[in-house]
Amino acid sequence: MTLLKLDIYSVRNIHKESIIPSPKINLIFGENASGKSALLEAIFILGRAKSYRCSTIKSVINFTKNQLVVSAQSLQKNGNQLQLGIQLDGKNIDIHINQQAKQKRSDLAYALPLQLIHPKSYELLDAGSQVRREFLDWGVFNHDHDFLFAWRKYKKALSQRNALLKTKHLDQINVWDKELVYYGTIVDCFRQQYLEKFKPVFIEIIDKFLDLDGVDLKLVSGWDMAKDFNVILIEDRDKDLRYGFTHSGPHRADFQLLINNRLAKDFVSRGQLKLLVMSLKLAQVQLLANEHSQTGCILIDDFAAELDVINRAKLLSYLSKMACQVFITATEKNDFGNLSQIKIYKMFHVEHGTIKSV
Ligand SMILES: Nc1ncnc2c1ncn2[C@@H]1O[C@H](COP(=O)(O)OP(=O)(O)O)[C@@H](O)[C@H]1O
Ligand SMILES: [Mg+2]
């Protein structure tokens with residue numbers, strides 16, 4: 001997909017702005033606190049129905065307003081145009097697709113597959129497993145639309161089972177164990193298959209930025225794979241009862257990034273870690289473009305803070321050849337480096353929340 005036109009109302013210091021982005025690279029510059037991240041945040045909200053900078057949408061809405069709206073005319077890879085819109089007031093979310101109200105978040109996410117690279121992205125490899133699980137599932141979700149159904153069924157069974165464990169009403173637990181095993185195995189299978197396709201794409205991208213051999217990705221399914229999931233559920237039952245929740249299963253899944261069988265995050269430099277995370281994110285968008293009738297959108301906030309001059313040039317050159325739309329922010333125009341190699345791009349200047357094409 002490509003955003004052809006973007007309209008933003010009341011997102012942080014952006015009151016009412018409308019831009020016509022380039023279908024390829026969009027370079028956004030402006031002083032600190034001018035509203036560059038707010039612009040990326042608006043696009044992110046349109047695709048994910050949440051902010052990446054704070055957990056409450058209230059703080060994203062302009063102080064003088066009660067709601068924010070982001071809408072866009074988008075061109076899908078199959079040639080169809082979609083009008084996407086989201087309105088948030090801190091309590092309710094209203095999603096519009098082609099003038100139809102009350103659409104699902106998942107439909108918005110399918111229509112606008114987004115990846116974000118920002119100064120906290122390295123946490124993907126550094127923090128707890130939830131961010132990695134979400135990252136992995138973003139890929140699986142876009143790769144195979146049947147995944148969402150299985151994942152929802154699994155989550156429902158899990159919450160039912162956990163409720164029984166808490167109240168110690170075990171008469172029906174076998175029913176939910178069965179559901180858990182059935183859908184859990186499907187979820188795990190989708191993830192395995194995705195990771196196998198993802199790995200070579202990821203390794204090819206890493207080779208452009210880092211001189212590392214022996215890179216590997218390994219799925220951690222969330223239970224001891226030497227045993228069947230149903231056996232684990234029976235073995236865990238006493239422990240699960242004591243704590244009131246299910247200890248094993250795909251809801252505890254993770255993936256490991258290994259270099260010569262060692263966990264990369266434990267020994268690579270901070271700079272290498274950032275490049276590894278960036279490559280992971282690029283690879284998801286690349287795989288989407290390779291295998292599907294859909295292209296993604298990449299948001300890069302604080303370009304210069306993320307990468308040194310050489311890697312910035314490499315990244316821009318890579319992005320300019322990639323089938324995706326990109327939005328990159330920096331404080332200085334010069335931070336984008338030499339642009340003579342890049343054919344299709346647009347530059348925008350942000351000042352006090354107004355955005356002008358330059
Ligand atoms: N809810 C809000 N309403 C109005 N202004 C806000 C709100 N939240 C943040 N701001 C202001 O918006 C400005 C833009 O912030 P930001 O997008 O982070 O700037 P940049 O990324 O260009 O450094 C800042 O001056 C900030 O104080
Ligand atoms: Mg910023």
# chains A, B, ... in the order shown; residues from 1 in each chain; ligands from 1
>>> select_by_dssp(residues="stretch 4-93 of chain A", states="strand (DSSP E or B)", output="compact mmCIF listing (two decimals) with N, CA and C atoms, in the first residue's frame")
# COMPACT_ATOMS: atom_id res chain seq x y z
N LEU A 4 -1.41 8.01 -0.32
CA LEU A 4 -1.42 9.03 -1.37
C LEU A 4 -1.64 10.42 -0.78
N LYS A 5 -2.47 10.45 0.26
CA LYS A 5 -2.77 11.72 0.91
C LYS A 5 -3.03 11.42 2.39
N LEU A 6 -2.51 12.28 3.22
CA LEU A 6 -2.64 12.05 4.66
C LEU A 6 -3.20 13.30 5.34
N ASP A 7 -4.23 13.12 6.16
CA ASP A 7 -4.82 14.25 6.89
C ASP A 7 -4.73 13.99 8.39
N ILE A 8 -4.23 14.98 9.09
CA ILE A 8 -4.02 14.83 10.54
C ILE A 8 -4.73 15.96 11.28
N TYR A 9 -5.54 15.61 12.28
CA TYR A 9 -6.21 16.62 13.10
C TYR A 9 -5.91 16.37 14.58
N SER A 10 -5.39 17.38 15.22
CA SER A 10 -5.24 17.39 16.69
C SER A 10 -4.36 16.27 17.24
N VAL A 11 -3.28 15.96 16.54
CA VAL A 11 -2.29 15.03 17.07
C VAL A 11 -1.13 15.85 17.64
N ILE A 14 0.16 19.22 16.18
CA ILE A 14 -0.35 19.34 14.81
C ILE A 14 -1.86 19.56 14.89
N HIS A 15 -2.31 20.72 14.47
CA HIS A 15 -3.75 21.03 14.56
C HIS A 15 -4.51 20.45 13.38
N LYS A 16 -4.14 20.88 12.20
CA LYS A 16 -4.86 20.42 11.01
C LYS A 16 -3.87 20.51 9.85
N GLU A 17 -3.37 19.37 9.42
CA GLU A 17 -2.40 19.36 8.34
C GLU A 17 -2.77 18.29 7.33
N SER A 18 -2.42 18.58 6.09
CA SER A 18 -2.70 17.64 5.02
C SER A 18 -1.45 17.55 4.15
N ILE A 19 -0.98 16.33 3.90
CA ILE A 19 0.21 16.23 3.04
C ILE A 19 0.00 15.19 1.93
N ILE A 25 10.21 7.62 -0.75
CA ILE A 25 10.90 8.13 0.44
C ILE A 25 10.42 9.53 0.81
N ASN A 26 10.11 9.69 2.08
CA ASN A 26 9.71 10.99 2.60
C ASN A 26 10.67 11.40 3.71
N LEU A 27 11.35 12.54 3.50
CA LEU A 27 12.34 13.01 4.46
C LEU A 27 11.76 14.21 5.19
N ILE A 28 11.70 14.11 6.52
CA ILE A 28 11.02 15.13 7.32
C ILE A 28 12.04 15.74 8.27
N PHE A 29 12.25 17.05 8.17
CA PHE A 29 13.20 17.68 9.08
C PHE A 29 12.57 18.88 9.77
N ILE A 61 -3.71 13.48 22.10
CA ILE A 61 -4.70 14.43 21.58
C ILE A 61 -4.26 15.85 21.95
N LEU A 68 -8.79 13.17 18.40
CA LEU A 68 -7.88 13.30 17.25
C LEU A 68 -8.44 12.47 16.10
N VAL A 69 -8.08 12.89 14.90
CA VAL A 69 -8.50 12.15 13.71
C VAL A 69 -7.31 12.04 12.76
N VAL A 70 -7.09 10.85 12.24
CA VAL A 70 -6.09 10.68 11.17
C VAL A 70 -6.79 9.94 10.05
N SER A 71 -6.66 10.43 8.85
CA SER A 71 -7.25 9.71 7.72
C SER A 71 -6.31 9.75 6.53
N ALA A 72 -6.51 8.83 5.62
CA ALA A 72 -5.62 8.76 4.46
C ALA A 72 -6.30 8.10 3.29
N GLN A 73 -5.90 8.56 2.12
CA GLN A 73 -6.27 7.88 0.89
C GLN A 73 -5.10 6.95 0.60
N SER A 74 -5.37 5.65 0.49
CA SER A 74 -4.24 4.75 0.24
C SER A 74 -4.46 3.94 -1.02
N LEU A 75 -3.37 3.62 -1.66
CA LEU A 75 -3.41 2.81 -2.88
C LEU A 75 -2.86 1.43 -2.53
N GLN A 81 -8.13 1.66 -4.35
CA GLN A 81 -7.89 2.74 -3.41
C GLN A 81 -8.76 2.53 -2.18
N LEU A 82 -8.18 2.77 -1.02
CA LEU A 82 -8.95 2.65 0.22
C LEU A 82 -8.86 3.96 0.98
N GLN A 83 -10.00 4.39 1.48
CA GLN A 83 -10.01 5.56 2.38
C GLN A 83 -9.96 5.02 3.81
N LEU A 84 -8.90 5.32 4.51
CA LEU A 84 -8.75 4.82 5.88
C LEU A 84 -8.92 5.97 6.86
N GLY A 85 -9.57 5.72 7.97
CA GLY A 85 -9.71 6.79 8.95
C GLY A 85 -9.84 6.26 10.36
N ILE A 86 -9.29 7.02 11.30
CA ILE A 86 -9.45 6.64 12.71
C ILE A 86 -9.70 7.88 13.55
N GLN A 87 -10.62 7.74 14.48
CA GLN A 87 -10.97 8.84 15.38
C GLN A 87 -10.89 8.32 16.80
N LEU A 88 -10.17 9.03 17.66
CA LEU A 88 -9.98 8.58 19.04
C LEU A 88 -10.25 9.73 20.00
N ILE A 93 -12.85 4.25 20.09
CA ILE A 93 -12.11 4.22 18.83
C ILE A 93 -13.12 4.04 17.72
>>> residues_near_ligand(ligand="ligand 2", cutoff="9 Å", atoms="only C-alpha atoms and all ligand atoms", output="MDAnalysis selection string")
chainID A and resid 32:38 40 301:302 329:331
>>> write_last_selection(atoms="C-alpha atoms", output="mmCIF file, in the first residue's frame")
data_model
loop_
_atom_site.group_PDB
_atom_site.id
_atom_site.type_symbol
_atom_site.label_atom_id
_atom_site.label_comp_id
_atom_site.auth_asym_id
_atom_site.auth_seq_id
_atom_site.Cartn_x
_atom_site.Cartn_y
_atom_site.Cartn_z
ATOM 1 C CA ASN A 32 13.432 19.780 18.239
ATOM 2 C CA ALA A 33 9.828 19.868 19.428
ATOM 3 C CA SER A 34 8.547 21.006 16.031
ATOM 4 C CA GLY A 35 6.259 17.983 15.569
ATOM 5 C CA LYS A 36 8.241 15.469 13.496
ATOM 6 C CA SER A 37 7.592 12.549 15.815
ATOM 7 C CA ALA A 38 3.970 13.672 16.058
ATOM 8 C CA LEU A 40 5.055 9.637 12.515
ATOM 9 C CA ASP A 301 12.195 8.434 13.865
ATOM 10 C CA ASP A 302 15.386 10.303 14.710
ATOM 11 C CA THR A 329 12.744 12.261 10.478
ATOM 12 C CA ALA A 330 15.866 14.227 11.407
ATOM 13 C CA THR A 331 16.578 17.613 12.947
#
>>> closest_residue(among="A:Val140, A:Ile117, A:Leu3, A:Leu148", to="A:Val277", atoms="only C-alpha atoms")
A:Ile117
>>> select_by_dssp(residues="stretch 146-220 of chain A", states="helix (DSSP H, G or I)", output="VMD selection string")
chain A and resid 147 to 167 173 to 209
>>> closest_residue(among="A:Ala226, A:Ile300, A:Leu217, A:Ala111", to="ligand 1", atoms="only C-alpha atoms and all ligand atoms")
A:Ile300
>>> closest_residue(among="A:His145, A:Lys356, A:Lys265, A:Lys199", to="A:Gln284", atoms="only C-alpha atoms")
A:Lys199
>>> closest_atom_pairs(of="stretch 134-189 of chain A", to="stretch 99-106 of chain A", cutoff="12 Å", atoms="only C-alpha atoms", output="CSV")
residue,atom,partner,partner_atom,distance
A:Trp138,CA,A:Ser106,CA,10.8
A:Phe141,CA,A:Ser106,CA,9.2
A:Asn142,CA,A:Ser106,CA,10.0
A:His145,CA,A:Ser106,CA,10.0
A:Phe147,CA,A:Ser106,CA,11.7
A:Leu148,CA,A:Ser106,CA,8.7
A:Phe149,CA,A:Ser106,CA,11.1
A:Arg152,CA,A:Ser106,CA,11.8
>>> closest_residue(among="A:His251, A:Lys274, A:Lys281, A:Lys208", to="A:Lys156", atoms="only C-alpha atoms")
A:His251
>>> residues_around(residues="stretch 46-58 of chain A", least_positions_apart="4", cutoff="6 Å", atoms="only C-alpha atoms", output="number ranges by chain")
A: 90, 108-109, 112
>>> write_last_selection(atoms="C-alpha atoms", output="PDB file, in the first residue's frame")
ATOM      1  CA  GLY A  90      -9.386   8.575  24.814  1.00  0.00           C
ATOM      2  CA  LEU A 108      -6.822  -1.306   9.439  1.00  0.00           C
ATOM      3  CA  ALA A 109      -3.636  -3.199  10.248  1.00  0.00           C
ATOM      4  CA  LEU A 112      -1.571  -0.359   6.437  1.00  0.00           C
TER       5      LEU A 112
END
>>> closest_residue(among="A:Ser22, A:Thr2, A:Asn311, A:Asn66", to="ligand 1", atoms="only C-alpha atoms and all ligand atoms")
A:Asn66
>>> closest_residue(among="A:Trp223, A:Phe327, A:Phe63, A:Phe44", to="A:Asn13", atoms="only C-alpha atoms")
A:Phe63
